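Structure first, commentary second.
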2 protein chains.
Amino acid sequence: MLNKNYLSLKEAINILLNSISFELLPFEIIPLEKAYNRITYEDIHAPEDLPGFKRSTVDGFAVRSQDTFGAKETMPAYLTIKNNISMGTAPDFSLGPGEAAGIGTGGMLPEGADAVIPIEHVNIVSPHLIEVLKPIGPGENVIFEDEDIKKGELIIPKGHRLKPQDIGGLAGLGFTQIKVVKKPVIAIILTGDEIIPHTEKATPGKVRDINSFTLAGLINELDGIPLKMGIVKDNYEEIKAIAEKAYELANIILIIGGTSAGIKDMTANIINELGKPGILFHGVSIKPGKPIIAGICNNKPVFGLPGHPVAVYLCFELFVKPVINKMLGLIDKIYKNKIKAKLTRSISSQAGRTDFIRVYLKEKDGEIWATPLLSKSGLIMSLIKANGILCIPEDLLGFEENEIVEVEIL
Amino acid sequence: MLNKNYLSLKEAINILLNSISFELLPFEIIPLEKAYNRITYEDIHAPEDLPGFKRSTVDGFAVRSQDTFGAKETMPAYLTIKNNISMGTAPDFSLGPGEAAGIGTGGMLPEGADAVIPIEHVNIVSPHLIEVLKPIGPGENVIFEDEDIKKGELIIPKGHRLKPQDIGGLAGLGFTQIKVVKKPVIAIILTGDEIIPHTEKATPGKVRDINSFTLAGLINELDGIPLKMGIVKDNYEEIKAIAEKAYELANIILIIGGTSAGIKDMTANIINELGKPGILFHGVSIKPGKPIIAGICNNKPVFGLPGHPVAVYLCFELFVKPVINKMLGLIDKIYKNKIKAKLTRSISSQAGRTDFIRVYLKEKDGEIWATPLLSKSGLIMSLIKANGILCIPEDLLGFEENEIVEVEIL
């Protein structure tokens with residue numbers, strides 16, 4: 001029953017990703033506070049030691065550790081308080097034998113000191129004298145000059161998506177700007193005589209644009225720039241002209257299929273005319289999304305996506321997203337957000353085909369249940385109602401009612 | 001060994017969330033294309049039927065189904081092609097007995113037709129005549145006027161975070177603007193004599209601001225507006241003045257602790273003076289983050305967060321984020337992104353305390369391994385290097401080497 005006419009999902013993705021061998025996107029240098037979620041263009045090394053000075057990790061007294069050796073409650077060591085260290089200042093004195101200095105967490109140790117006794121291990125006899133009740137070893141309760149980060153150390157590798165805490169760390173190191181991969185521009189061309197803008201009144205026979213809104217959101221989430229090229233009639237010359245314009249402006253081109261007969265071949269021919277090598281594959285054994293077309297035209301990926309809202313969503317996730325991430329040079333391992341759930345009803349698939357079923361996840365009596373949202377492929381509501389996607393791999397014929405399955409969370 | 005001085009994590013979160021009984025944030029009406037990720041302020045109902053007309057789901061011929069009853073390959077039904085339906089137009093004719101009309105996927109059925117025969121089940125004898133080789137039932141390959149969405153139907157509930165596909169569906173229904181919950185403004189006050197802006201050169205004793213950058217990113221991810229109030233010295237009157245200003249401008253106030261002795265009490269006193277009821281709790285049995293302070297001042301949540309970068313991150317995730325989500329009225333169940341991994345070394349904790357350990361996740365020989373990043377709490381690098389967080393619950397004393405644990409992915 002294996003469908004020999006179409007590539008399997010895995011074959012298709014391999015062909016696609018292996019074809020993207022061209023240069024990465026260019027870089028740009030942007031202020032640090034704009035760099036959240038952006039991808040680093042180069043390895044980032046520490047420009048200096050951090051913290052850069054000996055720092056206390058507790059509230060207490062900076063001491064020379066040898067002065068405390070042998071101290072115990074019954075026989076404390078007595079130390080003179082030479083000074084108290086203000087936060088944020090470098091002490092202008094050094095500790096001699098038998099001397100201590102008051103210090104707060106984060107404070108800088110004076111010269112001569114090599115440890116900090118916590119306030120709890122000390123009796124303050126007078127403003128000038130403490131009893132140390134416990135010995136302390138060299139380096140205890142101290143962060144050394146280069147203990148957090150050593151000058152020159154690799155802090156963040158090339159190809160990493162910058163998280164809030166990364167930006168925090170870079171601020172701590174004094175970075176004010178960052179070299180990141182430029183955001184890819186992704187052109188969206190809608191085709192179809194029946195498609196009208198969302199601002200227009202729907203008259204019989206017409207349907208409003210759904211797909212450019214779904215796609216723009218998905219592109220934004222990857223930090224791409226969606227470029228809406230408008231709605232084009234099902235006309236070869238018109239689609240070709242707008243595809244050529246998009247080719248000039250964008251890094252990736254998405255042609256969203258009109259659903260009328262013959263249009264799929266139009267898109268295929270246009271991709272072949274747009275540049276070499278042209279089409280990589282036309283049709284993949286998945287449902288929905290079977291008629292997908294992928295091509296490379298002079299180093300620019302061009303996709304023909306089937307027009308059903310659910311197919312557009314899935315084809316973007318399966319094919320376009322990995323291409324964007326590869327162009328960005330992303331090296332981070334992406335762990336998909338999956339959850340185990342019990343099926344409320346059985347669902348079947350066809351051997352040799354990978355099916356993606358929208359499901360609705362709901363907790364009931366401490367268990368998570370997944371209800372398949374089965375509907376004709378043109379319906380929008382199933383995509384809005386779904387909060388999960390269940391994949392039936394090509395070597396399975398489906399899942400049984402009450403079976404525990406792994407659902408990707410939307 | 002249970003620490004009686006501090007609330008457990010669960011107790012603290014319960015007290016905090018139960019104290020937030022005040023009104024939701026106000027609404028604002030914004031263009032649809034700006035509404036990605038925003039929270040709906042009210043239930044959204046369908047303003048019209050969708051698709052609004054009888055639509056074909058295949059390429060083929062619109063027919064009266066009764067004309068095909070009994071048709072088979074050896075005895076086809078013959079139908080006259082009355083017309084072909086252009087995509088995006090309402091047919092200006094109706095089908096009589098024995099008549100058919102060419103139609104594409106998504107095309108509108110003419111009056112009289114109640115089914116569409118796929119092109120594969122038909123022989124086209126001439127431009128005017130087809131042979132139907134299989135019978136078809138009423139409604140087959142048709143989406144009815146209100147089959148996707150019925151006018152008045154609840155499409156998206158109040159308190160839902162709008163996903164790309166939701167915006168797509170709303171565009172399809174002709175929405176051009178949406179009533180959403182206004183973004184909460186979250187003030188960030190940094191205290192500490194040792195803190196300098198990230199643009200300044202670090203001199204001995206000083207450290208640059210890390211926390212306002214981490215927090216701004218985390219706030220943006222929740223669609224809040226971070227309001228940086230600058231760096232204040234460890235001085236009661238100065239901190240109080242800036243807290244009062246923040247109280248006028250923001251919905252939530254974060255005072256990031258200086259780490260010097262005594263400052264924690266300053267923050268506590270200021271929260272108590274800012275409004276009623278004041279402090280809810282001061283100190284929670286977690287590590288890191290133990291000294292956290294949470295309060296409500298005249299319906300505005302105010303937090304005192306310990307200043308270590310890792311503690312700030314965790315306290316935001318554990319305490320501030322649920323408060324923001326509750327103020328937004330978010331009803332979506334949040335499934336955390338977790339993964340099972342094997343520990344490369346054993347780690348211990350203290351009974352009665354919830355520990356959060358930064359880990360580095362790495363795949364090796366088909367297994368995912370988690371390496372605990374143990375370091376003094378003031379170090380930044382452990383937060384940058386980590387790609388996961390492992391929680392040791394209060395009733396456990398730790399995990400063993402090679403034990404399989406559940407790690408939250410960062």
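Identifiers for the structure tokens are assigned positionally: chains receive A, B, ... in sequence, residues are indexed from 1 per chain, and ligands are indexed from 1 in the order shown.
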*Do a neighbour search on A:Glu99 at 9 Å with only C-alpha atoms, toss out local chain neighbours closer than 2 positions, and write the hits as JSON, numbers by chain.*
{"A": [62, 63, 64, 67, 78, 79, 80, 81, 82, 95, 96, 97, 101]}
Per-residue nearest contacts of chain A to chain B (7 Å; only C-alpha atoms) as a Markdown table:
| residue | atom | partner | partner_atom | distance |
| --- | --- | --- | --- | --- |
| A:Tyr36 | CA | B:Gly217 | CA | 6.6 |
| A:Gly52 | CA | B:Pro204 | CA | 6.9 |
| A:Phe53 | CA | B:Pro204 | CA | 5.9 |
| A:Asp59 | CA | B:Ala261 | CA | 6.4 |
| A:Met87 | CA | B:Glu194 | CA | 5.4 |
| A:Gly88 | CA | B:Glu194 | CA | 3.5 |
| A:Thr89 | CA | B:Gly205 | CA | 4.8 |
| A:Ala90 | CA | B:Gly205 | CA | 5.1 |
| A:Gly104 | CA | B:Ser260 | CA | 4.9 |
| A:Thr105 | CA | B:Ser260 | CA | 5.4 |
| A:Gly106 | CA | B:Thr259 | CA | 6.5 |
| A:Gly107 | CA | B:Gly205 | CA | 6.4 |
| A:Met108 | CA | B:Gly205 | CA | 5.1 |
| A:Asp148 | CA | B:Leu379 | CA | 5.3 |
| A:Ile149 | CA | B:Met381 | CA | 6.8 |
| A:Pro164 | CA | B:Thr214 | CA | 4.5 |
| A:Gln165 | CA | B:Thr214 | CA | 4.8 |
| A:Asp166 | CA | B:Ile384 | CA | 5.4 |
| A:Ile167 | CA | B:Phe213 | CA | 6.1 |
| A:Gly168 | CA | B:Ile210 | CA | 4.4 |
| A:Gly169 | CA | B:Ile210 | CA | 6.0 |
| A:Ala171 | CA | B:His198 | CA | 5.2 |
| A:Gly172 | CA | B:Arg208 | CA | 4.9 |
| A:Gly174 | CA | B:His198 | CA | 5.0 |
| A:Thr176 | CA | B:Thr199 | CA | 6.3 |
| A:Asp193 | CA | B:Gly88 | CA | 5.4 |
| A:Glu194 | CA | B:Gly88 | CA | 3.6 |
| A:His198 | CA | B:Gly174 | CA | 5.0 |
| A:Thr199 | CA | B:Gly174 | CA | 6.0 |
| A:Pro204 | CA | B:Ala90 | CA | 5.5 |
| A:Gly205 | CA | B:Gly88 | CA | 4.5 |
| A:Lys206 | CA | B:Gly88 | CA | 4.8 |
| A:Arg208 | CA | B:Gly172 | CA | 4.9 |
| A:Asp209 | CA | B:Gly172 | CA | 5.8 |
| A:Ile210 | CA | B:Gly168 | CA | 4.4 |
| A:Asn211 | CA | B:Gly168 | CA | 6.0 |
| A:Phe213 | CA | B:Gly168 | CA | 4.7 |
| A:Thr214 | CA | B:Pro164 | CA | 4.5 |
| A:Gly217 | CA | B:Pro164 | CA | 4.6 |
| A:Leu218 | CA | B:Pro164 | CA | 6.1 |
| A:Thr259 | CA | B:Thr105 | CA | 5.6 |
| A:Ser260 | CA | B:Gly104 | CA | 4.9 |
| A:Ala261 | CA | B:Gly104 | CA | 5.9 |
| A:Asn337 | CA | B:Asn337 | CA | 4.9 |
| A:Leu379 | CA | B:Asp148 | CA | 5.3 |
| A:Ile380 | CA | B:Gly169 | CA | 6.1 |
| A:Met381 | CA | B:Asp148 | CA | 6.2 |
| A:Leu383 | CA | B:Gln165 | CA | 6.6 |
| A:Ile384 | CA | B:Asp166 | CA | 5.3 |
Residues from the last selection, C-alpha atoms, saved as a PDB file, in the first residue's frame:
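Ended up saving to result-v5.pdb:
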ATOM      1  CA  TYR A  36      16.489  39.425  22.514  1.00  0.00           C
ATOM      2  CA  GLY A  52      37.198  41.537  38.105  1.00  0.00           C
ATOM      3  CA  PHE A  53      37.897  41.806  41.828  1.00  0.00           C
ATOM      4  CA  ASP A  59      27.798  39.444  55.056  1.00  0.00           C
ATOM      5  CA  MET A  87      29.591  48.611  48.924  1.00  0.00           C
ATOM      6  CA  GLY A  88      30.769  49.606  45.495  1.00  0.00           C
ATOM      7  CA  THR A  89      34.102  50.990  46.607  1.00  0.00           C
ATOM      8  CA  ALA A  90      37.643  49.654  46.421  1.00  0.00           C
ATOM      9  CA  GLY A 104      28.681  43.048  52.834  1.00  0.00           C
ATOM     10  CA  THR A 105      27.687  40.442  50.267  1.00  0.00           C
ATOM     11  CA  GLY A 106      29.164  41.568  46.967  1.00  0.00           C
ATOM     12  CA  GLY A 107      31.698  43.819  48.638  1.00  0.00           C
ATOM     13  CA  MET A 108      35.344  43.969  47.521  1.00  0.00           C
ATOM     14  CA  ASP A 148      32.825  33.660  37.079  1.00  0.00           C
ATOM     15  CA  ILE A 149      34.257  34.422  33.644  1.00  0.00           C
ATOM     16  CA  PRO A 164      16.759  37.066  28.363  1.00  0.00           C
ATOM     17  CA  GLN A 165      19.434  35.685  30.703  1.00  0.00           C
ATOM     18  CA  ASP A 166      22.047  35.783  27.887  1.00  0.00           C
ATOM     19  CA  ILE A 167      21.343  39.469  27.322  1.00  0.00           C
ATOM     20  CA  GLY A 168      21.647  39.950  31.089  1.00  0.00           C
ATOM     21  CA  GLY A 169      25.030  38.259  31.137  1.00  0.00           C
ATOM     22  CA  ALA A 171      25.168  43.499  29.888  1.00  0.00           C
ATOM     23  CA  GLY A 172      27.147  42.385  32.926  1.00  0.00           C
ATOM     24  CA  GLY A 174      29.692  45.599  29.347  1.00  0.00           C
ATOM     25  CA  THR A 176      26.423  47.548  24.414  1.00  0.00           C
ATOM     26  CA  ASP A 193      -9.534  34.302  -7.883  1.00  0.00           C
ATOM     27  CA  GLU A 194     -11.754  33.591  -4.870  1.00  0.00           C
ATOM     28  CA  HIS A 198      -9.969  40.444   5.297  1.00  0.00           C
ATOM     29  CA  THR A 199     -11.285  43.995   5.260  1.00  0.00           C
ATOM     30  CA  PRO A 204     -21.067  34.442  -2.375  1.00  0.00           C
ATOM     31  CA  GLY A 205     -18.160  32.633  -3.980  1.00  0.00           C
ATOM     32  CA  LYS A 206     -15.461  34.691  -2.219  1.00  0.00           C
ATOM     33  CA  ARG A 208     -11.289  36.167   2.941  1.00  0.00           C
ATOM     34  CA  ASP A 209      -7.529  35.802   3.306  1.00  0.00           C
ATOM     35  CA  ILE A 210      -6.656  33.664   6.315  1.00  0.00           C
ATOM     36  CA  ASN A 211      -3.232  32.383   5.373  1.00  0.00           C
ATOM     37  CA  PHE A 213      -2.173  36.257   8.861  1.00  0.00           C
ATOM     38  CA  THR A 214      -1.266  32.790  10.098  1.00  0.00           C
ATOM     39  CA  GLY A 217       2.593  35.271  12.935  1.00  0.00           C
ATOM     40  CA  LEU A 218       4.634  32.102  12.437  1.00  0.00           C
ATOM     41  CA  THR A 259      -7.095  25.799  -4.836  1.00  0.00           C
ATOM     42  CA  SER A 260      -8.476  25.737  -8.356  1.00  0.00           C
ATOM     43  CA  ALA A 261      -7.475  23.066 -10.859  1.00  0.00           C
ATOM     44  CA  ASN A 337       6.990  20.709  23.624  1.00  0.00           C
ATOM     45  CA  LEU A 379     -12.360  24.154   7.774  1.00  0.00           C
ATOM     46  CA  ILE A 380     -10.742  26.874   9.848  1.00  0.00           C
ATOM     47  CA  MET A 381     -12.345  26.095  13.180  1.00  0.00           C
ATOM     48  CA  LEU A 383      -7.197  24.899  13.662  1.00  0.00           C
ATOM     49  CA  ILE A 384      -8.492  27.482  16.129  1.00  0.00           C
TER      50      ILE A 384
END
*asked:* Just want the 8 Å neighbourhood of B:Ile293, counted on only C-alpha atoms, with same-chain residues fewer than 4 positions away dropped. Output as number ranges by chain.
replied: B: 268, 279-283, 303-305
*asked:* Please return, as number ranges by chain, all residues of stretch 114-249 of chain A that DSSP assigns to strand (DSSP E or B) on the basis of the backbone.
replied: A: 115-118, 122-126, 129-132, 142-143, 149, 154-156, 161, 177-181, 185-191, 195-196, 207-208, 225-232
I'd like the neighbourhood of B:Gly224 as a compact mmCIF listing (two decimals) with N, CA and C atoms, in the first residue's frame, where a residue qualifies if any of its atoms comes within 8 Å (using only C-alpha atoms), though same-chain residues fewer than 6 positions away should be ignored.
# COMPACT_ATOMS: atom_id res chain seq x y z
N LYS B 183 -1.61 45.74 27.96
CA LYS B 183 -0.36 45.18 28.47
C LYS B 183 -0.06 45.75 29.85
N PRO B 184 0.26 44.89 30.81
CA PRO B 184 0.63 45.43 32.12
C PRO B 184 2.02 46.07 32.07
N VAL B 185 2.16 47.16 32.80
CA VAL B 185 3.46 47.84 32.91
C VAL B 185 4.13 47.34 34.19
N ILE B 186 5.36 46.87 34.05
CA ILE B 186 6.07 46.32 35.20
C ILE B 186 7.34 47.12 35.45
*With a distance cut-off of 6 Å and only C-alpha atoms, select the neighbouring residues of B:Ala71, excluding the residue or stretch itself and same-chain residues fewer than 4 positions from it, and output the selection as a list in words.*
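Counting only the stated atoms, we get Met75, Pro76, Ala77, Leu133, Lys134 and Pro135 of chain B.
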*Test item, helix (DSSP H, G or I) assignment across stretch 53-298 of chain B, answer as an MDAnalysis selection string*: chainID B and resid 65:68 119:121 164:172 211:221 236:249 263:274
The selected residues should be written to file as a PDB file, in the first residue's frame (atoms: C-alpha atoms).
ATOM      1  CA  SER B  65     -27.115  13.663  -6.478  1.00  0.00           C
ATOM      2  CA  GLN B  66     -30.331  11.859  -7.393  1.00  0.00           C
ATOM      3  CA  ASP B  67     -29.283  11.987 -11.080  1.00  0.00           C
ATOM      4  CA  THR B  68     -26.324   9.710 -10.270  1.00  0.00           C
ATOM      5  CA  ILE B 119     -13.087  14.480 -11.776  1.00  0.00           C
ATOM      6  CA  GLU B 120     -11.635  10.960 -11.354  1.00  0.00           C
ATOM      7  CA  HIS B 121     -15.115   9.395 -11.304  1.00  0.00           C
ATOM      8  CA  PRO B 164      -0.980  32.918  14.602  1.00  0.00           C
ATOM      9  CA  GLN B 165      -3.731  30.524  13.497  1.00  0.00           C
ATOM     10  CA  ASP B 166      -6.290  32.331  15.686  1.00  0.00           C
ATOM     11  CA  ILE B 167      -5.451  35.620  13.983  1.00  0.00           C
ATOM     12  CA  GLY B 168      -5.791  33.798  10.645  1.00  0.00           C
ATOM     13  CA  GLY B 169      -9.243  32.521  11.556  1.00  0.00           C
ATOM     14  CA  LEU B 170     -10.359  35.950  12.776  1.00  0.00           C
ATOM     15  CA  ALA B 171      -9.178  37.496   9.494  1.00  0.00           C
ATOM     16  CA  GLY B 172     -11.248  34.878   7.654  1.00  0.00           C
ATOM     17  CA  ASN B 211      19.109  41.979  36.172  1.00  0.00           C
ATOM     18  CA  SER B 212      17.177  44.718  34.376  1.00  0.00           C
ATOM     19  CA  PHE B 213      18.135  43.090  31.050  1.00  0.00           C
ATOM     20  CA  THR B 214      17.102  39.596  32.085  1.00  0.00           C
ATOM     21  CA  LEU B 215      13.838  40.901  33.551  1.00  0.00           C
ATOM     22  CA  ALA B 216      12.966  43.093  30.551  1.00  0.00           C
ATOM     23  CA  GLY B 217      13.265  40.048  28.279  1.00  0.00           C
ATOM     24  CA  LEU B 218      11.142  37.861  30.530  1.00  0.00           C
ATOM     25  CA  ILE B 219       8.492  40.592  30.800  1.00  0.00           C
ATOM     26  CA  ASN B 220       8.417  41.068  27.024  1.00  0.00           C
ATOM     27  CA  GLU B 221       7.869  37.352  26.524  1.00  0.00           C
ATOM     28  CA  TYR B 236      15.751  54.326  52.420  1.00  0.00           C
ATOM     29  CA  GLU B 237      14.407  57.694  51.283  1.00  0.00           C
ATOM     30  CA  GLU B 238      15.709  57.319  47.730  1.00  0.00           C
ATOM     31  CA  ILE B 239      14.277  53.832  47.293  1.00  0.00           C
ATOM     32  CA  LYS B 240      10.965  54.900  48.804  1.00  0.00           C
ATOM     33  CA  ALA B 241      10.706  57.917  46.492  1.00  0.00           C
ATOM     34  CA  ILE B 242      11.339  55.833  43.380  1.00  0.00           C
ATOM     35  CA  ALA B 243       8.943  53.121  44.587  1.00  0.00           C
ATOM     36  CA  GLU B 244       6.212  55.735  44.992  1.00  0.00           C
ATOM     37  CA  LYS B 245       6.868  56.998  41.487  1.00  0.00           C
ATOM     38  CA  ALA B 246       6.746  53.427  40.133  1.00  0.00           C
ATOM     39  CA  TYR B 247       3.478  52.893  42.000  1.00  0.00           C
ATOM     40  CA  GLU B 248       1.923  55.748  39.985  1.00  0.00           C
ATOM     41  CA  LEU B 249       3.207  54.469  36.625  1.00  0.00           C
ATOM     42  CA  ILE B 263      18.698  46.412  52.462  1.00  0.00           C
ATOM     43  CA  LYS B 264      16.191  43.533  52.611  1.00  0.00           C
ATOM     44  CA  ASP B 265      14.549  45.104  55.633  1.00  0.00           C
ATOM     45  CA  MET B 266      14.475  48.468  53.887  1.00  0.00           C
ATOM     46  CA  THR B 267      12.537  46.954  50.987  1.00  0.00           C
ATOM     47  CA  ALA B 268      10.164  45.202  53.384  1.00  0.00           C
ATOM     48  CA  ASN B 269       9.445  48.434  55.250  1.00  0.00           C
ATOM     49  CA  ILE B 270       8.892  50.358  52.028  1.00  0.00           C
ATOM     50  CA  ILE B 271       6.397  47.756  50.780  1.00  0.00           C
ATOM     51  CA  ASN B 272       4.502  48.014  54.063  1.00  0.00           C
ATOM     52  CA  GLU B 273       4.396  51.807  53.782  1.00  0.00           C
ATOM     53  CA  LEU B 274       3.363  51.835  50.124  1.00  0.00           C
TER      54      LEU B 274
END
Residues within 8 Å of B:Leu154, please, as an mmCIF file with C-alpha atoms, in the first residue's frame. Count only C-alpha atoms; anything in the same chain fewer than 5 positions from it doesn't count.
data_model
loop_
_atom_site.group_PDB
_atom_site.id
_atom_site.type_symbol
_atom_site.label_atom_id
_atom_site.label_comp_id
_atom_site.auth_asym_id
_atom_site.auth_seq_id
_atom_site.Cartn_x
_atom_site.Cartn_y
_atom_site.Cartn_z
ATOM 1 C CA ASP B 43 -15.589 36.052 24.291
ATOM 2 C CA ILE B 44 -15.474 36.326 20.516
ATOM 3 C CA HIS B 45 -18.510 35.086 18.590
ATOM 4 C CA ALA B 46 -18.801 34.534 14.849
#
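Considering the residues A:Ala294, A:Cys315, A:Leu397, A:Ala113 and counting only C-alpha atoms, A:Gly98 has its shortest atom-to-atom contact with A:Ala113.
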*asked:* Which residues are near stretch 16-18 of chain B? Cut-off 8 Å, only C-alpha atoms, ignore same chain within fewer than 4 positions. Put them as number ranges by chain.
replied: B: 12, 280, 294, 319, 322-323, 326
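Between atom CA of B:Phe316 and atom CA of B:Ile20 lies a distance of 16.5 Å.
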